Protein chains: 2
Amino acid sequence: MLLAECETVDLACADVLYDSGERLSHVYFPVRSFISLIMPVDACSSLEVGLVGDEGMLGVPLVLGVDVSPLRAVVQGAGSALRMEAATFGRALGRSDPLRRELARYVFVHLHQLAQTAACTRFHVVEARLARWLLMTQDRAHSSTFHVTQEFLAQMLGVRRVGVTKAAGSLQRRNLICYRRGDVTVIDRHGLKAASCGCYKADRRSYDRILGPAPWATGACLPRASAMSSPGWTATDDAAISAKETG
Amino acid sequence: MLLAECETVDLACADVLYDSGERLSHVYFPVRSFISLIMPVDACSSLEVGLVGDEGMLGVPLVLGVDVSPLRAVVQGAGSALRMEAATFGRALGRSDPLRRELARYVFVHLHQLAQTAACTRFHVVEARLARWLLMTQDRAHSSTFHVTQEFLAQMLGVRRVGVTKAAGSLQRRNLICYRRGDVTVIDRHGLKAASCGCYKADRRSYDRILGPAPWATGACLPRASAMSSPGWTATDDAAISAKETG
DNA sequence: CGCGCTCTGTGCGCTAGCGCGCAGACGGAC
DNA sequence: GTCCGTCTGCGCGCTAGCGCACAGAGCGCG
């Protein structure tokens, strides 16, 4: 029902869907794309505080009845997404109690992730944070290979590029990833988890607990999050990834 | 209407209203007390990610339909608060659309504050963060003097006690505050703002924009936030503080 | 009055990460 | 093949904050 009022759009890498302080014109439901939520702090520093893929939605403030975003939304993985006018979304929200309830739960997960990120950013070393970031991205890219430059990563983690170079080099030497000119491949997902801080697992646990099986954990259509996620992703990759999740 | 279903409780300093992962039995509306929201990361480190006084409420997850809290809530300023059973609160929420809308806006502000804190914690030096913290606390204590040890502050800011000692010493030498065995007095609020990072002002702007005049900005009963705040606080201090806010 | 607890201040060696600048490596465009 | 832009790797000096340990200062309590 919700999908009927959406239009499909293709998002290109580095597109800015909205900037900090801007009005939200649409909500987005990524299908194969995924998007970074970035908190700018001054002209040259910023920090990623959230990552949205087909497990979530972009436009949390609209769920809360506010039409400006404190965060910048930057497309990090190109691909398709469904989107809906803010006003249409507001009406849909008003009509459907279950939708409102489901999205409220998603807001909670987002909130939890924010708090987790705040603490993680404060206490954990770059290498562990990088490992966490790679795992999160892999989940949303539904692929163990994706494109991301160290410069971009540095912006996300709020560190210097050199810091990323060192951390990535270390992970590569330990045969956990392979990094070649912007193309990362996760080789040893299990090892990467061990190298990451507990924050990755904490995020996942929170999501699964509140919203049930996520796109990365099941091959079937999501029973509870169906309103938020979208059909169209292939189950094969996810299942392959999930099979390794036992660690 | 909401107040009728609340009971008044007295909160003592260092009371833990709920711990991370615990079920939320009540929501709280601080009257003269204020409460720190803390994200524990491991046994010995934690980070304050929110502060709730009479301008807000404790129990955001319940607004979102989730009954566990990812955060620990510790009473930081002793005093009275109104509280309400989680179930009763849920019913009230279901009955009143305006209440739900108002609280959703508060959740948004909380969310914004979380993101702000994440970035602040990453980029700003201890001294600036301390200044921000003191200003936030002064707002909620409705007094320029309050009790807080450096040890506690260190926990909140996620740094060593020594770091706080140095930062507080610096602020004191600059005649912005007076620190004597756990009793802090803000002497020069304006100067303290200058010494703090922009995050304090950003928080305030966000609150005022979304929820309108807060208890710290007006002597009248809040027109929009009345469901969340409570009568009983004296306007004099706030007015006195507000008078200096022009900076 | 003196004991003991709590809170603050300091010193020292260490590390992670910063700012800057530069060199090499890869790869697409012409 | 050559050129040039992009991406990665490294060196160097520096700072903020860490871990640890200890000294003094205020204050309540017996």
# chains A, B, ... in the order shown; residues from 1 in each chain; ligands from 1
call {"tool": "select_by_dssp", "arguments": {"residues": "range 15-77 of chain A", "states": "helix (DSSP H, G or I)", "output": "PyMOL selection string"}}
result
chain A and resi 60-63
call {"tool": "write_last_selection", "arguments": {"atoms": "N, CA and C atoms", "output": "PDB file, in the first residue's frame"}}
result
ATOM      1  N   VAL A  60      13.976  10.109   9.189  1.00  0.00           N
ATOM      2  CA  VAL A  60      13.495   9.922  10.555  1.00  0.00           C
ATOM      3  C   VAL A  60      12.799  11.163  11.123  1.00  0.00           C
ATOM      4  N   PRO A  61      13.327  12.358  10.890  1.00  0.00           N
ATOM      5  CA  PRO A  61      12.641  13.518  11.454  1.00  0.00           C
ATOM      6  C   PRO A  61      11.175  13.596  11.051  1.00  0.00           C
ATOM      7  N   LEU A  62      10.843  13.218   9.819  1.00  0.00           N
ATOM      8  CA  LEU A  62       9.453  13.280   9.380  1.00  0.00           C
ATOM      9  C   LEU A  62       8.562  12.347  10.183  1.00  0.00           C
ATOM     10  N   VAL A  63       9.120  11.233  10.599  1.00  0.00           N
ATOM     11  CA  VAL A  63       8.357  10.318  11.455  1.00  0.00           C
ATOM     12  C   VAL A  63       8.013  11.016  12.763  1.00  0.00           C
TER      13      VAL A  63
END
call {"tool": "interface_residues", "arguments": {"of": "chain A", "to": "chain D", "cutoff": "9 Å", "atoms": "only C-alpha atoms (C1' of nucleotides)", "output": "list in words"}}
result
Thr149, Gln150, Glu151, Val162, Thr165, Lys166, Arg180, Arg181 and Gly182 of chain A
call {"tool": "residues_around", "arguments": {"residues": "range 71-85 of chain B", "least_positions_apart": "3", "cutoff": "6 Å", "atoms": "only C-alpha atoms (C1' of nucleotides)", "output": "ChimeraX atom specification"}}
result
/B:6-20,26-39,88
call {"tool": "closest_atom_pairs", "arguments": {"of": "chain C", "to": "chain B", "cutoff": "10 Å", "atoms": "only C-alpha atoms (C1' of nucleotides)", "output": "Markdown table"}}
result
| residue | atom | partner | partner_atom | distance |
| --- | --- | --- | --- | --- |
| C:DT6 | C1' | B:Arg181 | CA | 8.8 |
| C:DC7 | C1' | B:Arg181 | CA | 5.7 |
| C:DT8 | C1' | B:Arg181 | CA | 7.3 |
| C:DG9 | C1' | B:Thr165 | CA | 7.4 |
| C:DT10 | C1' | B:Val162 | CA | 9.4 |
call {"tool": "interface_residues", "arguments": {"of": "chain B", "to": "chain A", "cutoff": "7 Å", "atoms": "only C-alpha atoms", "output": "NGL selection string"}}
result
:B and (39 or 41 or 47 or 49 or 61 or 64-66 or 70 or 101 or 104-105 or 108 or 111-112 or 114-115 or 117-119 or 121-122)
call {"tool": "decode", "arguments": {"residues": "range 111-136 of chain B", "atoms": "N, CA and C atoms", "output": "short mmCIF file (atom, residue, chain, number, x, y, z; two decimals), in the first residue's frame"}}
result
data_model
loop_
_atom_site.label_atom_id
_atom_site.label_comp_id
_atom_site.auth_asym_id
_atom_site.auth_seq_id
_atom_site.Cartn_x
_atom_site.Cartn_y
_atom_site.Cartn_z
N LEU B 111 17.29 13.29 19.86
CA LEU B 111 18.06 12.67 18.78
C LEU B 111 19.13 13.63 18.26
N HIS B 112 18.72 14.85 18.06
CA HIS B 112 19.66 15.86 17.60
C HIS B 112 20.79 16.02 18.61
N GLN B 113 20.41 16.06 19.86
CA GLN B 113 21.41 16.22 20.91
C GLN B 113 22.41 15.06 20.91
N LEU B 114 21.90 13.87 20.68
CA LEU B 114 22.77 12.71 20.61
C LEU B 114 23.81 12.87 19.50
N ALA B 115 23.33 13.25 18.33
CA ALA B 115 24.23 13.40 17.19
C ALA B 115 25.26 14.50 17.48
N GLN B 116 24.77 15.57 18.05
CA GLN B 116 25.65 16.68 18.39
C GLN B 116 26.73 16.23 19.36
N THR B 117 26.31 15.48 20.36
CA THR B 117 27.25 15.00 21.37
C THR B 117 28.29 14.07 20.76
N ALA B 118 27.85 13.23 19.84
CA ALA B 118 28.79 12.31 19.19
C ALA B 118 29.90 13.10 18.51
N ALA B 119 29.51 14.10 17.73
CA ALA B 119 30.51 14.88 17.01
C ALA B 119 31.36 15.70 17.97
N CYS B 120 30.71 16.29 18.96
CA CYS B 120 31.40 17.12 19.95
C CYS B 120 32.47 16.32 20.65
N THR B 121 32.08 15.14 21.09
CA THR B 121 32.99 14.27 21.83
C THR B 121 34.20 13.91 20.98
N ARG B 122 33.96 13.79 19.69
CA ARG B 122 35.05 13.42 18.81
C ARG B 122 36.03 14.55 18.60
N PHE B 123 35.52 15.77 18.40
CA PHE B 123 36.37 16.82 17.87
C PHE B 123 36.80 17.88 18.86
N HIS B 124 36.06 18.06 19.91
CA HIS B 124 36.36 19.20 20.75
C HIS B 124 37.21 18.84 21.96
N VAL B 125 38.01 19.77 22.37
CA VAL B 125 38.92 19.49 23.48
C VAL B 125 38.14 19.48 24.80
N VAL B 126 38.76 18.87 25.80
CA VAL B 126 38.09 18.66 27.07
C VAL B 126 37.59 19.98 27.66
N GLU B 127 38.40 21.00 27.58
CA GLU B 127 38.00 22.26 28.20
C GLU B 127 36.70 22.80 27.61
N ALA B 128 36.59 22.77 26.30
CA ALA B 128 35.36 23.26 25.66
C ALA B 128 34.17 22.38 26.01
N ARG B 129 34.40 21.08 26.04
CA ARG B 129 33.31 20.17 26.36
C ARG B 129 32.86 20.36 27.80
N LEU B 130 33.83 20.62 28.68
CA LEU B 130 33.48 20.86 30.07
C LEU B 130 32.62 22.11 30.19
N ALA B 131 33.03 23.14 29.48
CA ALA B 131 32.27 24.39 29.52
C ALA B 131 30.84 24.14 29.05
N ARG B 132 30.70 23.39 27.97
CA ARG B 132 29.36 23.05 27.47
C ARG B 132 28.56 22.33 28.54
N TRP B 133 29.21 21.39 29.18
CA TRP B 133 28.52 20.57 30.18
C TRP B 133 28.04 21.45 31.34
N LEU B 134 28.88 22.35 31.76
CA LEU B 134 28.51 23.22 32.88
C LEU B 134 27.32 24.10 32.51
N LEU B 135 27.31 24.60 31.31
CA LEU B 135 26.19 25.44 30.87
C LEU B 135 24.90 24.63 30.82
N MET B 136 24.99 23.44 30.28
CA MET B 136 23.80 22.60 30.20
C MET B 136 23.26 22.28 31.59
#
